[in-house]
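Have a look at the structure below, then the notes.
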Amino acid sequence: MAEDSDAEKTEDPSSRRLEKAREEGDVPRSRELATFTVLMAASAGFWLSGETIIRQLKHMLSEGLSFNRQQVMDPAQLGAGLLAQFLDLVLTLAPFIALIMAAALVSPMLIGGWLFSAKAFSPNFGKMNPLSGLANMVSVHALVELLKAIAKTVLVGAVAWAILSTQVDDIFTLLLQPPAASGSHLGHLLLITFTALVSALALIALIDAPYQMYHYAQKMKMTRQEVRQEAKETDGNPEIKAKVKAMQREMARRRMMAEVPTADVVVTNPTHYAVAIKYPENSNQAPIVIAKGVDEVAAKIREIATANKVVIMEAPPLARALYKHAELGDEIPAPLYTAVAQVLAYVFQLRSWYEDGEIPPVYPDFVDVPADMDPLNAEASA
């Protein structure tokens with residue numbers, strides 16, 4: 001059952017999956033909505049400027065069929081006249097064409113947005129697979145597209161029949177009108193019919209647009225296995241990450257251990273904690289913590305300190321406080337200045353005694369550590 005659950009697309013698509021699909025040119029699109037937008041813009045253009053365009057075209061046609069003897073005898077004038085007529089045609093149709101182009105550019109913004117993807121132009125031989133094509137033909141999406149095409153045909157046919165059936169008398173009166181009047185009347189009837197047919201497509205577009213968005217959302221859904229695989233690719237394999245972190249900790253521990261021989265003193269608990277302290281000479285810095293650890297790490301610090309003749313002092317409250325409140329490479333906290341000064345004073349006196357052989361220093365029986373800095377006291381209070 002778990003395997004079946006992992007194979008089902010039940011998870012919402014991740015932002016990375018959607019972004020990858022967009023890079024490949026795969027976004028939700030509604031061809032019906034785009035077609036309706038462009039055709040409706042054309043219909044609006046005809047209503048707004050149709051008479052002006054027809055009048056201009058009649059004028060240009062009249063001028064284009066009129067030649068004088070000078071134009072016939074001079075090819076240069078004939079070419080200039082044709083160029084002028086072409087420019088007039090462009091200027092006449094420019095607003096209408098601009099309106100259609102604007103609609104074509106705006107329609108993608110309604111669903112999916114503008115998109116240019118170079119990957120969409122690259123050949124995909126998987127689409128040429130006959131088995132994939134057969135599977136697409138018998139899919140639910142193909143059935144919906146078939147039903148949509150049938151509905152569109154029936155709807156457009158019904159609207160066309162309804163419009164034409166109400167205009168039968170007007171169509172027959174065209175035969176009795178003069179050519180100019182009948183032509184204008186016919187154009188008006190065709191424009192009404194065209195607008196009605198385009199308006200009928202609005203119903204198809206209103207149904208198709210939400211369906212395409214739903215279909216795209218279903219197609220982009222992911223299985224649980226895909227989610228886990230993507231998480232591995234994005235964040236890295238958890239096992240590898242754990243190994244990397246372990247290696248980083250080991251390298252940091254080795255660097256820390258390499259600093260222990262340079263310490264001035266190692267303060268211990270005596271067995272559970274060990275903190276190595278170094279006082280930088282000829283500087284205004286406070287003593288710094290160069291190594292610290294508990295249990296096995298503490299034992300290793302003591303071992304290295306003993307091998308390198310670093311002084312080891314038992315001061316449990318100070319060891320616990322330094323381990324809790326001081327980070328590697330940082331100066332010791334200000335509340336511990338007095339306690340650390342007591343320890344370092346003994347260490348420096350001990351060095352002088354080793355070198356000069358005078359009176360040995362007195363081991364400090366008490367190290368002044370504030371009660372609130374000792375984790376053991378804090379736990380007892382809690």
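Convention: chains lettered A, B, ... in structure tokens order; per-chain residue numbering from 1; ligands numbered from 1 as shown.
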
Range 321-329 of chain A surroundings by only C-alpha atoms, 7 Å radius, close-in-sequence under 4 positions cut, as a PyMOL selection string | chain A and resi 275+288-292+317+333+373-375

Mind dumping the selected residues with C-alpha atoms as a CSV table (one decimal), in the first residue's frame?
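Contents of the output file selection-v6.csv:
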chain,number,residue,atom,x,y,z
A,275,VAL,CA,39.0,23.9,28.7
A,288,ILE,CA,40.9,33.2,25.0
A,289,VAL,CA,39.5,29.7,24.9
A,290,ILE,CA,41.4,27.7,22.3
A,291,ALA,CA,40.0,24.2,23.1
A,292,LYS,CA,37.2,22.7,25.1
A,317,PRO,CA,33.2,25.4,38.8
A,333,PRO,CA,33.3,36.3,29.6
A,373,MET,CA,27.9,31.4,35.9
A,374,ASP,CA,28.2,27.8,37.1
A,375,PRO,CA,25.7,25.6,35.2

Got a sec: who's within 6 Å of range 8-18 of chain A, counting only C-alpha atoms, leaving out chain neighbours fewer than 4 positions off, as a short mmCIF file (atom, residue, chain, number, x, y, z; two decimals) with N, CA and C atoms, in the first residue's frame?
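Okay, this is what ended up in part_19.cif:
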data_model
loop_
_atom_site.label_atom_id
_atom_site.label_comp_id
_atom_site.auth_asym_id
_atom_site.auth_seq_id
_atom_site.Cartn_x
_atom_site.Cartn_y
_atom_site.Cartn_z
N MET A 220 0.92 18.83 -13.02
CA MET A 220 2.12 19.21 -12.30
C MET A 220 2.24 18.56 -10.92
N LYS A 221 1.17 17.89 -10.46
CA LYS A 221 1.25 17.27 -9.15
C LYS A 221 2.37 16.23 -9.10
N MET A 222 2.87 15.99 -7.92
CA MET A 222 4.03 15.12 -7.75
C MET A 222 3.67 13.94 -6.85
N THR A 223 4.39 12.85 -7.06
CA THR A 223 4.30 11.73 -6.13
C THR A 223 5.19 12.00 -4.92
#

Closest of A:Ala286, A:Val310, A:Val266, A:Val297 to Thr338 in chain A, counting only C-alpha atoms, is A:Ala286

Which one is closest to Glu32 in chain A: A:Arg302, A:Lys148, A:Arg228, A:Arg253? Count only C-alpha atoms.
->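 Of all the options, A:Lys148 lies closest to Glu32 in chain A.
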
Surrounding residues of Leu93 in chain A excluding itself and chain neighbours under 4 positions, 8 Å, only C-alpha atoms, as a PyMOL selection string | chain A and resi 53+89+97

Selection above as a file: N, CA and C atoms, as a CSV table (one decimal), in the first residue's frame:
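Result file again.csv:
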chain,number,residue,atom,x,y,z
A,53,ILE,N,-12.5,52.0,-43.4
A,53,ILE,CA,-11.7,51.2,-44.1
A,53,ILE,C,-12.2,50.9,-45.5
A,89,LEU,N,-2.6,52.1,-48.2
A,89,LEU,CA,-3.2,50.9,-47.7
A,89,LEU,C,-2.7,50.5,-46.3
A,97,ILE,N,-5.0,46.5,-37.7
A,97,ILE,CA,-3.9,45.5,-37.4
A,97,ILE,C,-3.3,45.6,-36.0

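Taking only C-alpha atoms, the non-local environment of range 155-161 of chain A within 7 Å (same-chain residues fewer than 2 positions away omitted) comprises A:Ala151, A:Lys152, A:Thr153, A:Ile163, A:Leu164, A:Ser165, A:Thr193, A:Leu197, A:Ala200.
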
Based on DSSP run over this structure's backbone, return all residues of range 204-358 of chain A in helix (DSSP H, G or I), as a ChimeraX atom specification.
-> /A:204-220,224-235,238-262,296-307,316-325,334-356

Residue set, range 144-336 of chain A restricted to strand (DSSP E), as a PyMOL selection string | chain A and resi 222-223+265-268+273-278+288-294+311-314

Please produce a file of the residues just selected, as a compact mmCIF listing (two decimals), in the first residue's frame, where the atoms kept are C-alpha atoms.
# COMPACT_ATOMS: atom_id res chain seq x y z
CA MET A 222 4.03 15.12 -7.75
CA THR A 223 4.30 11.73 -6.13
CA VAL A 265 46.67 26.15 31.18
CA VAL A 266 43.97 23.49 30.91
CA VAL A 267 41.19 23.80 33.47
CA THR A 268 39.42 20.52 34.27
CA TYR A 273 35.22 18.90 31.36
CA ALA A 274 38.45 20.32 30.00
CA VAL A 275 39.00 23.87 28.74
CA ALA A 276 42.33 25.11 27.35
CA ILE A 277 43.10 28.81 27.89
CA LYS A 278 45.74 30.96 26.25
CA ILE A 288 40.93 33.25 24.98
CA VAL A 289 39.52 29.71 24.87
CA ILE A 290 41.39 27.66 22.29
CA ALA A 291 39.97 24.20 23.06
CA LYS A 292 37.17 22.67 25.10
CA GLY A 293 35.34 19.38 25.38
CA VAL A 294 33.60 16.82 27.57
CA VAL A 311 49.75 22.94 33.20
CA ILE A 312 46.53 21.16 34.14
CA MET A 313 44.50 22.60 37.01
CA GLU A 314 41.43 21.16 38.66

Name the residues in contact with Ala345 in chain A at a cut-off of 12 Å, using only C-alpha atoms, excluding same-chain residues fewer than 3 positions from it; report them as an NGL selection string.
-> :A and (264-265 or 279 or 337-342 or 348-352 or 361-364 or 367)

For Val27 in chain A, which residue among A:Gln285, A:Gln85, A:Thr166, A:Gln212 is the nearest when counting only C-alpha atoms?
->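 Comparing A:Gln285, A:Gln85, A:Thr166, A:Gln212 against Val27 in chain A, the winner is A:Gln212.
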
Go ahead and compute the interatomic distance for CA of Arg55 in chain A and CA of Ser184 in chain A, in Å to one decimal.
->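 Here the two named atoms are 10.7 Å from each other.
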
Nearest to Ile207 in chain A, restricted to only C-alpha atoms and choosing among A:Ile192, A:Val38, A:Ala76, A:Leu147, comes out as A:Leu147

Shell of 10 Å around range 111-115 of chain A, only C-alpha atoms, local chain residues under 4 positions omitted, as an MDAnalysis selection string = chainID A and resid 22:30 33:34 105:107 209:210 212:213

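Candidate residues A:Arg31, A:His185, A:Lys309, A:His141 were compared for distance to Lys219 in chain A, and the nearest is A:His141, using only C-alpha atoms.
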
One-decimal distance in Å that lies between CA of Ile301 in chain A and CA of Ala371 in chain A | 26.1 Å
